[in-house]
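These notes are about the structure you will find just below.
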Amino acid sequence: MWKPALAAAGVIPMRKKDERWKASRKDGFHVLRHTYASVILEAGESVVTLARWLGHSSPTITLDYYAHFMPEAGGKGRGAIDALLGHPAAVATAA
């Protein structure tokens, strides 16, 4: 079901008659799942929430795979502390 849809969309080549679909992790459902998780994290969703949505047993598993998609990691915390300490630039950006 998945491979014919990808072929119809032009993502992978059509198979020849009486030929099996070739297995490929780069063209299959796994890529869609990985893309979804990456976009969700870049949008700022909680790792705990994403782990639950993906069916991971622990957010640690999610972080192991997707931490590099979290460009704001650490920035929000630093901004909150700077704002708490009254640094003028941080107050403007934290609001």
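Ligands are numbered from 1 in the order shown, chains are lettered A, B, ... in the order of the structure tokens, and residues start at 1 in each chain.
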As a short mmCIF file (atom, residue, chain, number, x, y, z; two decimals) with C-alpha atoms, in the first residue's frame, which residues of chain A does DSSP assign to helix (DSSP H, G or I)?
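The resulting out-v2.cif:
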data_model
loop_
_atom_site.label_atom_id
_atom_site.label_comp_id
_atom_site.auth_asym_id
_atom_site.auth_seq_id
_atom_site.Cartn_x
_atom_site.Cartn_y
_atom_site.Cartn_z
CA TRP A 2 2.75 2.47 0.93
CA LYS A 3 5.16 1.77 -1.95
CA PRO A 4 2.54 2.15 -4.71
CA ALA A 5 1.52 5.52 -3.24
CA LEU A 6 5.15 6.68 -3.20
CA ALA A 7 5.61 5.50 -6.79
CA ALA A 8 2.43 7.25 -7.91
CA PHE A 29 7.35 5.24 5.98
CA HIS A 30 10.31 5.68 8.33
CA VAL A 31 11.31 8.87 6.47
CA LEU A 32 7.83 10.30 6.88
CA ARG A 33 7.92 9.53 10.60
CA HIS A 34 11.38 11.07 10.97
CA THR A 35 10.35 14.19 9.05
CA TYR A 36 7.22 14.56 11.18
CA ALA A 37 9.21 14.30 14.42
CA SER A 38 11.84 16.76 13.20
CA VAL A 39 9.28 19.37 12.14
CA ILE A 40 7.35 19.01 15.40
CA LEU A 41 10.50 19.54 17.50
CA GLU A 42 11.66 22.50 15.41
CA VAL A 47 10.01 16.14 23.75
CA VAL A 48 7.84 14.34 26.30
CA THR A 49 4.74 14.91 24.18
CA LEU A 50 6.48 13.88 20.95
CA ALA A 51 7.83 10.71 22.60
CA ARG A 52 4.28 9.78 23.58
CA TRP A 53 2.99 10.48 20.05
CA LEU A 54 5.75 8.36 18.51
CA PRO A 59 11.67 10.71 26.03
CA THR A 60 15.34 9.69 26.22
CA ILE A 61 14.87 7.59 23.09
CA THR A 62 13.35 10.58 21.30
CA LEU A 63 16.20 12.85 22.41
CA ASP A 64 18.80 10.34 21.24
CA TYR A 65 17.40 10.52 17.70
CA TYR A 66 16.14 14.08 17.42
CA ALA A 67 18.09 16.39 19.78
CA HIS A 68 19.91 17.98 16.82
CA PHE A 69 16.54 19.32 15.63
CA GLY A 75 18.16 29.47 24.68
CA LYS A 76 14.82 29.66 26.44
CA GLY A 77 16.37 28.80 29.79
CA ARG A 78 19.15 31.36 29.41
CA GLY A 79 16.60 33.99 28.38
CA ALA A 80 14.42 33.26 31.41
CA ILE A 81 17.36 33.58 33.82
CA ASP A 82 18.62 36.74 32.13
CA ALA A 83 15.12 38.23 32.37
CA LEU A 84 14.90 37.24 36.03
CA PRO A 88 17.65 44.68 29.59
CA ALA A 89 18.27 42.85 26.29
CA ALA A 90 16.92 39.61 27.72
CA VAL A 91 13.79 41.27 29.07
CA ALA A 92 12.94 42.58 25.60
CA THR A 93 13.46 39.20 23.92
CA ALA A 94 11.84 37.11 26.66
#
Problem set entry | atom CA of Gly86 of chain A to atom CA of Met70 of chain A, distance in Å rounded to a single decimal |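 Result for atom CA of Gly86 of chain A versus atom CA of Met70 of chain A: 26.2 Å, one decimal.
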